[in-house]
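Data first, discussion second: the structure below is written as structure tokens.
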Amino acid sequence: MYRGREGQWAYFLHRITGVALVLYLMLHVFDISLVMYGPDGPFNAFLMFYHQWPFRIGLVLVIAAVVYHALNGLRIILLDFTTWAIRYQRVLWYTVLGVTTIIGIPVLVKILPEIFGGA
Amino acid sequence: MAVRPRNLQEARDRSRNNAELAWWVFMRISGLFLVFLVFAHVFINNIAINVATVDYSYVAGRLAKPSVKVFDTFLLGLAMLHGVNGLRVVIGDNVRRPGLRFWIQVVLIVVSVAIFVAGVMTLWAFSYREMGDAIRDLTSGH
């Protein structure tokens, strides 16, 4: 890291979330593809394993990464394809963080009780 | 580490060849589509329902629907291309030794193609039981 400001953090978070998401994607496609073994195959056992609470917390983090990466991706598209966005790149990044939080709160309110409500 | 091009003209000037420029454009176009595809996917399977209720019958029931097959095919294809290309770029930026970088990227491509094929098979190829039997026969050496 060098002494970058918001742009540096935007870039760093975009990379970290991107790498995490592609690794999750590969695991996800692999374990969904286990449905090919049929109802008596390993699919349900895999899924029950992932339904344990640490993995469900992990899934919440995956959703957070999706929302940040998507919104910051839109910011990058604006920066690259418009002439005006570069002047507002810092404001746009705080907007990305703000909207991520705004989307994140109802998602947490919906999902956290499902994880810890004993259901 | 390469500095990210700031606009289309810079990307064009800086890319070593047309393939890199095409990937740069692809990342933006696929990214735009993926925002909608992934948000819808997460909403349907993780927000609208309790994800802990997902089991074989839920997944098999969804994947049996033609609309889900078409939707998930676009999702799978764009997400894998976007994600694996992104990872390739990250490896290119961060792994300095050319030999090591090359082999990591070879492993990445091989693993990605295998996972992509498994995904396409899951969506389109055969009935699940036929496919499981075929793989089981293959791996048990018959």
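To be explicit about the labels: the chains of the structure tokens are called A, B, and onward in the order shown, and within each one the residues are counted from 1, while ligands get numbers from 1 in the order they are shown.
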
Interface rows for chain A against chain B: nearest pair, Å to one decimal, 9 Å, only C-alpha atoms, as CSV:
residue,atom,partner,partner_atom,distance
A:Arg15,CA,B:Val90,CA,7.6
A:Gly18,CA,B:Gly83,CA,7.1
A:Val19,CA,B:Leu87,CA,6.2
A:Leu21,CA,B:Gly83,CA,7.6
A:Val22,CA,B:Gly83,CA,5.0
A:Leu23,CA,B:Gly83,CA,8.5
A:Leu25,CA,B:Met80,CA,7.7
A:Met26,CA,B:Ile115,CA,6.6
A:Leu27,CA,B:Ile115,CA,8.7
A:Val29,CA,B:Gly119,CA,5.9
A:Phe30,CA,B:Ile115,CA,6.1
A:Ile32,CA,B:Gly119,CA,7.9
A:Ser33,CA,B:Thr122,CA,5.4
A:Leu34,CA,B:Thr122,CA,8.2
A:Val35,CA,B:Tyr128,CA,6.5
A:Met36,CA,B:Tyr128,CA,4.0
A:Tyr37,CA,B:Gly132,CA,4.0
A:Gly38,CA,B:Arg129,CA,5.1
A:Pro39,CA,B:Tyr56,CA,6.2
A:Gly41,CA,B:Gly132,CA,8.1
A:Phe43,CA,B:Tyr56,CA,6.6
A:Asn44,CA,B:Tyr56,CA,5.9
A:Leu47,CA,B:Asp55,CA,6.8
A:Met48,CA,B:Asp55,CA,8.2
A:Tyr50,CA,B:Ala52,CA,8.8
A:His51,CA,B:Ala52,CA,5.7
A:Gln52,CA,B:Ala52,CA,8.8
A:Arg56,CA,B:Ala52,CA,8.6
A:Ile63,CA,B:Val42,CA,7.6
A:Val66,CA,B:Val38,CA,7.9
A:Val67,CA,B:Phe39,CA,8.0
A:Ala70,CA,B:Val35,CA,5.6
A:Leu71,CA,B:Val35,CA,8.0
A:Gly73,CA,B:Gly31,CA,6.9
A:Leu74,CA,B:Leu32,CA,7.1
A:Ile76,CA,B:Arg28,CA,8.3
A:Ile77,CA,B:Arg28,CA,6.3
A:Leu79,CA,B:Arg6,CA,7.2
A:Asp80,CA,B:Asn7,CA,4.3
A:Phe81,CA,B:Asn7,CA,6.3
A:Thr82,CA,B:Asn7,CA,8.5
A:Val107,CA,B:Ile47,CA,7.1
A:Lys110,CA,B:Ile47,CA,7.3
A:Ile111,CA,B:Ile47,CA,7.5
A:Glu114,CA,B:Asn50,CA,6.9
A:Ile115,CA,B:Ala52,CA,8.4
A:Ala119,CA,B:Ala52,CA,8.5

Write out as a list in words the residues lying within 12 Å of Val91 (chain A), counting only C-alpha atoms and excluding same-chain residues fewer than 6 positions away.
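Listing them by chain and then by number gives Glu6, Gly7, Ala10, Asn72, Arg75, Ala85, Leu97 and Gly98 of chain A.
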
Residue set, chain A restricted to helix (DSSP H, G or I), as a ChimeraX atom specification
/A:6-37,43-50,53-81,85-116

Using only C-alpha atoms for the distances, tell me which of A:Ala45, A:Ile86, A:Ala65, A:Ile103 is nearest to Ala20 (chain A).
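For Ala20 (chain A), the nearest of the given residues is A:Ala65.
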